[in-house]
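Some notes on the structure that comes next.
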Amino acid sequence: MQEAKGRGEWSSKLGFILAAAGSAIGLGSIWRFPYIAGQSGGAAFVLVYFLLVFTIGISLMMGEIVIGKKGRLNAVGSFRALGGSRWSLVGWGGVIASFIILSYYGVIGGWTVAYIFKSFTGLMGVSAAGDVARIFQDFISDGWQVVLYQVLFMAGTVFVVFRGVSGGIERLCTFCMPALFLLMILLIGRSVTLPGAMEGLSFFLKPDFSKITGKVFLSAMGQTFFSLSLALGVMIIYGSYLPDDSNILGASAQICFLTFLVSLMAGLIIFPSLFAFSLEPGAGAGLTFITLPVVFAKMPGSVFWSASFFVLFFFAALTSSISLLEVVASYFIDALSWSRRKATLVVGGVITLMGLPSALSQGAVEITVFGLSFLDAADFFASNILMPVSGFFTVLFLGWWIPDAVVDGVVNSGTPGMKERVWLWILKIIAPICILVIFIAGLRW
Ligand code: PHE
């Protein structure tokens, strides 16, 4: 971003795509997607997720980018500028949801940091799946360790946001994303050639339609919002730095495609090996952290592969967590005129404290809400309730309150074609009805 014309602008089209894809691709695709898919019936969930990403997901992403491009402010400010103060409540909802998500995102981000170190200290010495699972269990039950790594991860996030999102992180993304991609392709090769891998592939890719329930739809919708960084204002902020003549449809399609691809790749690594090692697909939040080390341990040069993967995974998580902190911090900077330093330090500190119950709830201390661990409950509440509600009002706003501005923002003063008309139709009718129906069905059935 260059600080030209008073307000920043992306230095290139690629800069925007990298930052937006960096925000989208993170723990959501590599940690959350496989474990939620594992718990929600495998391929049936993947199919619903695919459908939602390329209908509601892509439409909402384009819409949010347009809100930012037209409003030229942070989420709350852009909603207010375009729709008046009542609509700024939607932006507020996003700020609150970002608070909650970042609180536990920092915990899992901390796990990635811990696993970089663990790659060198014995994790690769054990190859039985049961031993790797025990190492994971011992780790997450050790409150001090988990909190230490959570604090380290959050300190990294604060540091980057404090320095401004541009420069370093943009350059880092240019290297890390392709490297992660290549490494994942290699791991797919290892995983699908393990004896017994086929069963895992069919669990992940061959849908059993009888498994599709309202709950599966709700989980897939939560995963769509979470993985694409929607409904919180991230894309509004990033869109507000876009030059006037940008191709929003093309950019959104690329970001959605990349995110879906990385999720698919994560599944192609995890499920074949899971079945090959007779692990449980519904194992929950530890799935990625238990399965992958077993795969690495079976490769020559295991320490190198394991450490490299967790370093890249950590950077993928960091480029997402900085976008979450940016949403909250930029509100305090714009609305309360706090300095960037004060906003990032105070907000980052408070969010880290709020993350402590999540950090400890994985085995160190018993903290449950409605039968879920505190972390799972926070995740369920943010992804399956707050995000759909905020997404619902955002599509209503786009489709019914500012449809002309929306279309204009995409065609850059040209004439709308077929694609734009379909998009508007999705925003007006399909998306609100789908979100509402899935939301109600998912909570009841
Ligand atoms: N999309 C990010 C991920 O998948 C998480 C995120 C959600 C980031 C919402 C910003 C906003 O890891």
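Ordering of the structure tokens sets the chain letters (A, B, ...), residue numbers begin anew at 1 in every chain, and ligands are numbered from 1 in the order given.
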
Need the shell around A:Gly77: protein/DNA/RNA residues with any atom at most 9 Å away, counting only C-alpha atoms. Skip same-chain ones fewer than 2 positions apart. Format as a list in words?
Gly71, Arg72, Leu73, Asn74, Ala75, Phe79, Arg80, Ala81, Leu82, Ser85, Ser88, Gly91, Tyr331, Asp334 and Ala335 of chain A

So which residues are near ligand 1, meaning at most 8 Å away with only C-alpha atoms and all ligand atoms counted, given back as a ChimeraX atom specification?
/A:23-30,32,98,101,105,225-234,316-317,320-321,323-324

Serialized selection, N, CA, C and O atoms, as an mmCIF file, in the first residue's frame:
data_model
loop_
_atom_site.group_PDB
_atom_site.id
_atom_site.type_symbol
_atom_site.label_atom_id
_atom_site.label_comp_id
_atom_site.auth_asym_id
_atom_site.auth_seq_id
_atom_site.Cartn_x
_atom_site.Cartn_y
_atom_site.Cartn_z
ATOM 1 N N SER A 23 -5.267 -13.247 3.766
ATOM 2 C CA SER A 23 -6.239 -13.223 4.856
ATOM 3 C C SER A 23 -7.117 -14.457 4.803
ATOM 4 O O SER A 23 -7.412 -15.086 5.822
ATOM 5 N N ALA A 24 -7.547 -14.816 3.590
ATOM 6 C CA ALA A 24 -8.471 -15.941 3.470
ATOM 7 C C ALA A 24 -7.774 -17.262 3.807
ATOM 8 O O ALA A 24 -8.246 -18.025 4.654
ATOM 9 N N ILE A 25 -6.645 -17.526 3.173
ATOM 10 C CA ILE A 25 -5.979 -18.814 3.383
ATOM 11 C C ILE A 25 -5.222 -18.788 4.701
ATOM 12 O O ILE A 25 -4.358 -17.935 4.903
ATOM 13 N N GLY A 26 -5.582 -19.693 5.581
ATOM 14 C CA GLY A 26 -4.917 -19.712 6.880
ATOM 15 C C GLY A 26 -5.355 -20.939 7.639
ATOM 16 O O GLY A 26 -5.562 -22.009 7.052
ATOM 17 N N LEU A 27 -5.542 -20.774 8.943
ATOM 18 C CA LEU A 27 -5.990 -21.903 9.754
ATOM 19 C C LEU A 27 -7.310 -22.451 9.244
ATOM 20 O O LEU A 27 -7.593 -23.632 9.356
ATOM 21 N N GLY A 28 -8.139 -21.550 8.662
ATOM 22 C CA GLY A 28 -9.452 -21.972 8.181
ATOM 23 C C GLY A 28 -9.359 -23.116 7.190
ATOM 24 O O GLY A 28 -10.108 -24.088 7.276
ATOM 25 N N SER A 29 -8.437 -23.039 6.247
ATOM 26 C CA SER A 29 -8.335 -24.078 5.220
ATOM 27 C C SER A 29 -7.562 -25.300 5.710
ATOM 28 O O SER A 29 -7.877 -26.418 5.348
ATOM 29 N N ILE A 30 -6.536 -25.076 6.510
ATOM 30 C CA ILE A 30 -5.628 -26.190 6.810
ATOM 31 C C ILE A 30 -5.935 -26.844 8.160
ATOM 32 O O ILE A 30 -5.767 -28.034 8.334
ATOM 33 N N ARG A 32 -9.095 -25.869 10.196
ATOM 34 C CA ARG A 32 -10.515 -25.960 10.492
ATOM 35 C C ARG A 32 -11.265 -26.836 9.482
ATOM 36 O O ARG A 32 -12.069 -27.671 9.842
ATOM 37 N N SER A 98 -14.776 -10.230 15.066
ATOM 38 C CA SER A 98 -13.317 -10.323 14.870
ATOM 39 C C SER A 98 -12.608 -10.482 16.209
ATOM 40 O O SER A 98 -11.641 -11.236 16.331
ATOM 41 N N ILE A 101 -13.140 -14.114 17.263
ATOM 42 C CA ILE A 101 -12.391 -15.074 16.453
ATOM 43 C C ILE A 101 -10.892 -14.981 16.737
ATOM 44 O O ILE A 101 -10.222 -15.979 16.946
ATOM 45 N N TYR A 105 -8.177 -17.791 17.605
ATOM 46 C CA TYR A 105 -7.260 -17.957 16.462
ATOM 47 C C TYR A 105 -5.816 -17.901 16.962
ATOM 48 O O TYR A 105 -4.953 -18.645 16.511
ATOM 49 N N PHE A 225 -17.921 -18.677 5.375
ATOM 50 C CA PHE A 225 -17.636 -17.329 5.884
ATOM 51 C C PHE A 225 -16.249 -17.269 6.503
ATOM 52 O O PHE A 225 -15.466 -16.365 6.236
ATOM 53 N N PHE A 226 -15.953 -18.263 7.353
ATOM 54 C CA PHE A 226 -14.684 -18.252 8.078
ATOM 55 C C PHE A 226 -13.508 -18.311 7.107
ATOM 56 O O PHE A 226 -12.584 -17.511 7.171
ATOM 57 N N SER A 227 -13.559 -19.264 6.168
ATOM 58 C CA SER A 227 -12.385 -19.473 5.326
ATOM 59 C C SER A 227 -12.178 -18.343 4.326
ATOM 60 O O SER A 227 -11.057 -18.070 3.927
ATOM 61 N N LEU A 228 -13.266 -17.671 3.934
ATOM 62 C CA LEU A 228 -13.093 -16.585 2.960
ATOM 63 C C LEU A 228 -12.955 -15.219 3.642
ATOM 64 O O LEU A 228 -12.950 -14.189 2.982
ATOM 65 N N SER A 229 -12.847 -15.205 4.966
ATOM 66 C CA SER A 229 -12.742 -13.954 5.732
ATOM 67 C C SER A 229 -13.907 -13.015 5.447
ATOM 68 O O SER A 229 -13.721 -11.809 5.262
ATOM 69 N N LEU A 230 -15.126 -13.564 5.416
ATOM 70 C CA LEU A 230 -16.280 -12.718 5.088
ATOM 71 C C LEU A 230 -17.022 -12.259 6.334
ATOM 72 O O LEU A 230 -16.820 -12.801 7.416
ATOM 73 N N ALA A 231 -17.890 -11.277 6.135
ATOM 74 C CA ALA A 231 -18.849 -10.822 7.140
ATOM 75 C C ALA A 231 -18.226 -10.141 8.354
ATOM 76 O O ALA A 231 -18.906 -9.898 9.336
ATOM 77 N N LEU A 232 -16.941 -9.851 8.326
ATOM 78 C CA LEU A 232 -16.334 -9.158 9.458
ATOM 79 C C LEU A 232 -15.802 -7.797 9.070
ATOM 80 O O LEU A 232 -15.409 -7.013 9.917
ATOM 81 N N GLY A 233 -15.725 -7.514 7.789
ATOM 82 C CA GLY A 233 -15.213 -6.212 7.382
ATOM 83 C C GLY A 233 -13.795 -6.257 6.831
ATOM 84 O O GLY A 233 -13.257 -5.235 6.426
ATOM 85 N N VAL A 234 -13.176 -7.453 6.798
ATOM 86 C CA VAL A 234 -11.811 -7.532 6.270
ATOM 87 C C VAL A 234 -11.777 -7.093 4.805
ATOM 88 O O VAL A 234 -10.974 -6.252 4.399
ATOM 89 N N ALA A 316 1.018 -18.573 7.072
ATOM 90 C CA ALA A 316 -0.340 -18.522 6.522
ATOM 91 C C ALA A 316 -1.312 -18.051 7.609
ATOM 92 O O ALA A 316 -2.215 -17.246 7.355
ATOM 93 N N ALA A 317 -1.124 -18.554 8.833
ATOM 94 C CA ALA A 317 -1.996 -18.141 9.937
ATOM 95 C C ALA A 317 -1.771 -16.670 10.285
ATOM 96 O O ALA A 317 -2.712 -15.923 10.564
ATOM 97 N N SER A 320 -3.506 -14.160 8.185
ATOM 98 C CA SER A 320 -4.937 -14.064 8.486
ATOM 99 C C SER A 320 -5.155 -13.316 9.797
ATOM 100 O O SER A 320 -6.045 -12.474 9.892
ATOM 101 N N SER A 321 -4.334 -13.619 10.800
ATOM 102 C CA SER A 321 -4.577 -12.985 12.101
ATOM 103 C C SER A 321 -4.327 -11.481 12.019
ATOM 104 O O SER A 321 -5.009 -10.706 12.684
ATOM 105 N N SER A 323 -5.107 -9.622 9.588
ATOM 106 C CA SER A 323 -6.291 -8.972 9.016
ATOM 107 C C SER A 323 -7.392 -8.873 10.070
ATOM 108 O O SER A 323 -8.163 -7.918 10.083
ATOM 109 N N LEU A 324 -7.456 -9.858 10.971
ATOM 110 C CA LEU A 324 -8.451 -9.784 12.041
ATOM 111 C C LEU A 324 -8.135 -8.637 13.000
ATOM 112 O O LEU A 324 -9.017 -7.876 13.403
#

Which polymer residues have any atom within 8 Å of an atom of stretch 367-377 of chain A, counting only C-alpha atoms, with same-chain residues fewer than 5 positions away left out, as an NGL selection string?
:A and (104 or 357-362)

Report as a Markdown table the residues of stretch 7-119 of chain A within 12 Å of stretch 142-158 of chain A, each with its shortest atom pair and distance in Å (one decimal), using only C-alpha atoms, ordered by chain and increasing residue number.
| residue | atom | partner | partner_atom | distance |
| --- | --- | --- | --- | --- |
| A:Leu102 | CA | A:Met154 | CA | 9.1 |
| A:Ser103 | CA | A:Met154 | CA | 9.2 |
| A:Tyr104 | CA | A:Gln150 | CA | 9.0 |
| A:Tyr105 | CA | A:Gln150 | CA | 9.0 |
| A:Gly106 | CA | A:Gln150 | CA | 5.5 |
| A:Val107 | CA | A:Gln150 | CA | 4.8 |
| A:Ile108 | CA | A:Gln150 | CA | 7.5 |
| A:Gly109 | CA | A:Phe153 | CA | 6.0 |
| A:Gly110 | CA | A:Gln150 | CA | 4.2 |
| A:Trp111 | CA | A:Tyr149 | CA | 6.8 |
| A:Thr112 | CA | A:Tyr149 | CA | 8.6 |
| A:Val113 | CA | A:Tyr149 | CA | 6.5 |
| A:Ala114 | CA | A:Tyr149 | CA | 6.3 |
| A:Tyr115 | CA | A:Tyr149 | CA | 9.9 |
| A:Ile116 | CA | A:Tyr149 | CA | 10.9 |
| A:Phe117 | CA | A:Tyr149 | CA | 10.6 |
| A:Lys118 | CA | A:Gln145 | CA | 11.9 |

With N, CA and C atoms retained, write the just-selected residues as a compact mmCIF listing (two decimals), in the first residue's frame.
# COMPACT_ATOMS: atom_id res chain seq x y z
N LEU A 102 -10.38 -13.76 16.79
CA LEU A 102 -8.94 -13.64 17.01
C LEU A 102 -8.54 -14.21 18.37
N SER A 103 -9.46 -14.16 19.36
CA SER A 103 -9.09 -14.66 20.68
C SER A 103 -8.70 -16.14 20.61
N TYR A 104 -9.45 -16.96 19.87
CA TYR A 104 -9.03 -18.38 19.82
C TYR A 104 -8.13 -18.67 18.63
N TYR A 105 -8.18 -17.79 17.61
CA TYR A 105 -7.26 -17.96 16.46
C TYR A 105 -5.82 -17.90 16.96
N GLY A 106 -5.58 -17.01 17.94
CA GLY A 106 -4.24 -16.88 18.51
C GLY A 106 -3.79 -18.16 19.20
N VAL A 107 -4.76 -18.90 19.77
CA VAL A 107 -4.42 -20.15 20.45
C VAL A 107 -3.92 -21.18 19.44
N ILE A 108 -4.69 -21.36 18.36
CA ILE A 108 -4.30 -22.36 17.35
C ILE A 108 -3.04 -21.89 16.63
N GLY A 109 -2.95 -20.56 16.38
CA GLY A 109 -1.73 -20.01 15.79
C GLY A 109 -0.53 -20.38 16.66
N GLY A 110 -0.72 -20.32 17.99
CA GLY A 110 0.33 -20.72 18.93
C GLY A 110 0.72 -22.19 18.74
N TRP A 111 -0.27 -23.03 18.47
CA TRP A 111 0.05 -24.45 18.24
C TRP A 111 1.01 -24.59 17.06
N THR A 112 0.79 -23.78 16.00
CA THR A 112 1.68 -23.91 14.83
C THR A 112 3.12 -23.54 15.22
N VAL A 113 3.25 -22.50 16.07
CA VAL A 113 4.59 -22.10 16.51
C VAL A 113 5.22 -23.24 17.31
N ALA A 114 4.44 -23.81 18.24
CA ALA A 114 4.96 -24.89 19.08
C ALA A 114 5.44 -26.05 18.21
N TYR A 115 4.69 -26.35 17.16
CA TYR A 115 5.05 -27.50 16.33
C TYR A 115 6.29 -27.27 15.48
N ILE A 116 6.63 -25.99 15.24
CA ILE A 116 7.92 -25.73 14.57
C ILE A 116 9.03 -26.25 15.48
N PHE A 117 8.93 -25.90 16.77
CA PHE A 117 9.98 -26.33 17.71
C PHE A 117 9.92 -27.83 17.95
N LYS A 118 8.71 -28.34 18.09
CA LYS A 118 8.57 -29.77 18.40
C LYS A 118 9.14 -30.65 17.27

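Proximity ranking of A:Asp208, A:Glu326, A:Glu420, A:Asp379 relative to A:Phe162 places A:Glu326 first, based on only C-alpha atoms.
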